[in-house]
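Down below is the structure, laid out as structure tokens.
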Amino acid sequence: MHRRIQRIEVFVAAWVVAISAFCFVRAVEADDSNDERQPVVLRELTDAVIHNPDMGWVLYENYPLDPDPHGSSTLLTLPDESFAGVDNVAIMFSWQDIEQQPDRYDFSKVDFAYDYWRRRGKTIQLRMSTTSLMWWANRTPAAGKGAPDYVREHLSADEKQTRDMAGVAYDVEDVAAPYYQERLAKFLRAVDAHFSDARPVTLVDLRGFGAWGEWHSGFKYSNVEERRDALKNVIDSWCKAFPRRALALSASYDPDSPKELYEGDTREFDAKYTSHYQDFLNYSAFDYALEKPNIAFRRDGSGGAVHSNERKLIEEAFNRGRGPMVAEFVDGYGQSKAGGAKWLEWKVDDALSLHPNYVCLLGWQAGDALAFVREQQTLVDRGMRRMGYRFVPTSVSYPTTLENDRDFELHAEWVNRGVGRALRDYKLMAGLIRADSATEARMIGGAIPTSRWIAKEKYATETSLKFADVAPGEYDLAIGLIDPQTSRAIELPLENGVAGGLYRVSKISIR
């Protein structure tokens, strides 16, 4: 019995040695000459202006509520101007401009503006308000009135108010009123259905309360608890109607709130003015909005009106992964340039300090916005180089010799030079480029966590790739990123770009 056990032990030991040897051989074969792996430092183009999804300058279009050919509509006043280099257009309108009678929705004016700018290569946002847009509501004929007349007529006297700002009267409604909530929900669902995949929009403003829909100076409630409940209802209505869309909520302070909630300098963040931060969040239900994954924030007062509590709110939202953030300037270009070049530079930098993916043109729309673009190209380019995301692979390493149809690992280190973030995880692309610059092979690897990449950090990635059925020989390896949602290649600020969104790295041999 003892000898039999010994024979079994010898047999098992022999198999262990054989299996170990086989695994060692396979490991060597799969190594793909890792001893030849050398990191390659890529050449970054620091001055390059690039254009990518979910970011860039935004032009306003007021056509649905301002049909005056000499007014504020960009397409009417500048019919031959395409605003080259501006990637996004936000179309402004209110609830009343679409639904004047119950369940009868007329999107024709919005669609006209939409189609006009889509033909010119722009992505579209909805700068839609369900409350009064003030100036246009006081014109004849009225537009931008917010809630339709039929809704206001149905409300009781204590469910509607008239307010005044800078001598301009505007109507506000109790957004907690059951009938208002019922009609609002139906309207929002109609908007979501209309702008389906056939008419995509990249962002919807959550302009559901107060003056300009900017979440301030709205209906006055008897106490903060009633106010919070009403605002939470609005937030829930919008999130339920637009579950797949990014919603931008104004992060503005409310002049109706205690003054200590918006004290302090508007030039920079100062922690001593944030001692009432929780009260600031509570007053406007911002703490509730922060819990909603599809709510981002915008500040319609960049360059002169942003207080420390608002800066802290946007910073917290950004750190939670919310986005895209939006910045709009507090005044126009004609007003701002009177302050000189340094003042203009500071205003752009102030907007960029709020982590925006999108910045509305200084001047907003039409002639004033065009003057900014034409006269301040340096600032326009500066904004494009910093807003949103700007991914740079600072070094790449891979085996210099590969076998056909065999996996290899590509290692890279990345940084994000932008102040914002990508909204999705992009996928790594790799290609083999022939001597005549044609692409011999191209393949797409797995997703990498680009949506988490923020400025001032380094990110290492390891991606498994494989080229199959490639003619043996010498090639240039090229890499890139692709958006799996749109199949759009992501521009990188690198030298040696080739067709298809790829960038040459270095030589590689296929055998």
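Every chain in the structure tokens has a letter given in the order shown (A, B, ...), and although residue numbers restart at 1 in each chain, ligands are simply numbered from 1 in the order shown.
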Subject >> Exercise: Pro243 in chain A partners within 8 Å, only C-alpha atoms, chain neighbours under 3 positions left out, as a ChimeraX atom specification >> reply: /A:239-240,294
For the selection just defined, write its residues with C-alpha atoms to a file, as a compact mmCIF listing (two decimals), in the first residue's frame.
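Listed below is the output, part-v5.txt:
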```txt
# COMPACT_ATOMS: atom_id res chain seq x y z
CA CYS A 239 -37.32 64.40 -14.24
CA LYS A 240 -40.28 62.08 -14.82
CA ASN A 294 -29.95 63.70 -14.74
```
Using only C-alpha atoms, which protein or nucleic acid residues come within 10 Å of range 484-501 of chain A? Drop anything in the same chain fewer than 3 positions from it, and give the result as a compact mmCIF listing (two decimals) with N, CA and C atoms, in the first residue's frame.
```txt
# COMPACT_ATOMS: atom_id res chain seq x y z
N LEU A 42 3.72 61.09 -26.70
CA LEU A 42 3.08 61.70 -27.86
C LEU A 42 3.23 63.21 -27.84
N ARG A 43 3.22 63.80 -29.00
CA ARG A 43 3.39 65.25 -29.12
C ARG A 43 2.03 65.94 -29.02
N GLU A 44 1.86 66.71 -27.97
CA GLU A 44 0.61 67.42 -27.72
C GLU A 44 0.60 68.78 -28.43
N LEU A 45 -0.51 69.11 -29.03
CA LEU A 45 -0.69 70.41 -29.67
C LEU A 45 -1.47 71.30 -28.69
N THR A 46 -0.74 72.05 -27.90
CA THR A 46 -1.38 72.80 -26.81
C THR A 46 -2.28 73.92 -27.32
N ASP A 47 -2.03 74.42 -28.52
CA ASP A 47 -2.85 75.52 -29.05
C ASP A 47 -4.00 75.04 -29.94
N ALA A 48 -4.13 73.75 -30.12
CA ALA A 48 -5.15 73.23 -31.02
C ALA A 48 -6.55 73.51 -30.47
N VAL A 49 -7.46 73.93 -31.33
CA VAL A 49 -8.87 74.08 -31.00
C VAL A 49 -9.60 72.87 -31.56
N ILE A 50 -10.23 72.11 -30.69
CA ILE A 50 -10.89 70.88 -31.12
C ILE A 50 -12.38 70.97 -30.81
N HIS A 51 -13.14 70.13 -31.49
CA HIS A 51 -14.60 70.14 -31.36
C HIS A 51 -15.07 68.72 -31.09
N ASN A 52 -15.77 68.55 -29.97
CA ASN A 52 -16.21 67.22 -29.56
C ASN A 52 -17.66 67.23 -29.08
N PRO A 53 -18.28 66.07 -28.95
CA PRO A 53 -19.68 66.03 -28.50
C PRO A 53 -19.86 66.59 -27.10
N ARG A 385 -10.43 75.75 -25.80
CA ARG A 385 -9.34 74.90 -25.33
C ARG A 385 -9.53 74.44 -23.89
N ARG A 390 -10.84 67.63 -22.58
CA ARG A 390 -9.74 67.69 -23.55
C ARG A 390 -8.77 66.59 -23.18
N PHE A 391 -8.98 65.40 -23.73
CA PHE A 391 -8.19 64.24 -23.33
C PHE A 391 -6.88 64.17 -24.10
N VAL A 392 -5.82 63.91 -23.35
CA VAL A 392 -4.48 63.80 -23.93
C VAL A 392 -3.82 62.52 -23.42
N PRO A 393 -3.44 61.59 -24.31
CA PRO A 393 -2.62 60.46 -23.88
C PRO A 393 -1.16 60.91 -23.80
N THR A 394 -0.65 61.04 -22.61
CA THR A 394 0.71 61.58 -22.46
C THR A 394 1.78 60.55 -22.74
N ARG A 424 -20.01 60.38 -21.14
CA ARG A 424 -20.05 58.93 -21.31
C ARG A 424 -18.64 58.36 -21.31
N ASP A 425 -18.57 57.05 -21.15
CA ASP A 425 -17.30 56.35 -21.30
C ASP A 425 -17.07 56.07 -22.78
N TYR A 426 -15.94 56.55 -23.29
CA TYR A 426 -15.60 56.32 -24.68
C TYR A 426 -14.80 55.04 -24.82
N LYS A 427 -14.68 54.57 -26.07
CA LYS A 427 -13.92 53.35 -26.34
C LYS A 427 -12.60 53.68 -27.03
N LEU A 428 -11.60 52.89 -26.74
CA LEU A 428 -10.29 53.06 -27.37
C LEU A 428 -10.31 52.43 -28.76
N MET A 429 -9.79 53.17 -29.74
CA MET A 429 -9.60 52.64 -31.09
C MET A 429 -8.11 52.43 -31.33
N ALA A 430 -7.80 51.47 -32.18
CA ALA A 430 -6.42 51.29 -32.62
C ALA A 430 -6.44 50.97 -34.11
N GLY A 431 -5.40 51.39 -34.78
CA GLY A 431 -5.30 51.13 -36.21
C GLY A 431 -3.87 50.88 -36.64
N ILE A 433 -1.40 51.75 -39.76
CA ILE A 433 -1.30 52.70 -40.86
C ILE A 433 -0.13 52.31 -41.76
N SER A 437 -0.01 55.99 -45.87
CA SER A 437 -0.96 56.65 -44.97
C SER A 437 -2.36 56.04 -45.01
N ALA A 438 -2.56 54.99 -45.78
CA ALA A 438 -3.85 54.30 -45.76
C ALA A 438 -3.94 53.43 -44.51
N THR A 439 -5.17 53.20 -44.05
CA THR A 439 -5.39 52.38 -42.87
C THR A 439 -5.52 50.92 -43.27
N ARG A 442 -8.32 48.44 -38.54
CA ARG A 442 -8.85 49.31 -37.48
C ARG A 442 -9.74 48.46 -36.59
N ILE A 444 -11.83 48.36 -32.50
CA ILE A 444 -12.31 49.11 -31.35
C ILE A 444 -12.25 48.21 -30.13
N ALA A 447 -14.61 49.89 -23.46
CA ALA A 447 -14.80 51.24 -22.93
C ALA A 447 -13.79 51.52 -21.83
N ALA A 478 -1.64 53.43 -34.56
CA ALA A 478 -2.35 54.67 -34.29
C ALA A 478 -3.46 54.39 -33.28
N ILE A 479 -3.78 55.38 -32.46
CA ILE A 479 -4.84 55.20 -31.47
C ILE A 479 -5.81 56.38 -31.53
N GLY A 480 -6.95 56.21 -30.91
CA GLY A 480 -7.95 57.27 -30.83
C GLY A 480 -9.05 56.86 -29.88
N LEU A 481 -10.05 57.71 -29.74
CA LEU A 481 -11.23 57.43 -28.93
C LEU A 481 -12.47 57.55 -29.81
N ARG A 504 -1.17 58.75 -35.07
CA ARG A 504 0.00 57.86 -35.10
C ARG A 504 0.74 57.91 -33.77
N VAL A 505 1.20 56.73 -33.35
CA VAL A 505 2.00 56.62 -32.13
C VAL A 505 3.45 56.32 -32.47
```
| Which one of A:Val224, A:Ala84, A:Ser94, A:Ser257 sits closest to Gly208 in chain A if you count only C-alpha atoms? |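 Once distances to Gly208 in chain A are computed over only C-alpha atoms, the minimum belongs to A:Ser94.
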Tell me which of A:Gly213, A:Pro293, A:Gly420, A:Gly388 sits closest to Phe318 in chain A, counting only C-alpha atoms.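 Ranking A:Gly213, A:Pro293, A:Gly420, A:Gly388 by distance to Phe318 in chain A, first place goes to A:Gly420.
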| field | Within 9 Å of Gly332 in chain A using only C-alpha atoms, minus same-chain residues under 4 positions, as a ChimeraX atom specification | value | /A:336-337,361-364,368-369
Provide the CA of Trp212 in chain A to CA of Ser132 in chain A distance in Å, to one decimal place.
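Separating CA of Trp212 in chain A from CA of Ser132 in chain A is a distance of 6.0 Å.
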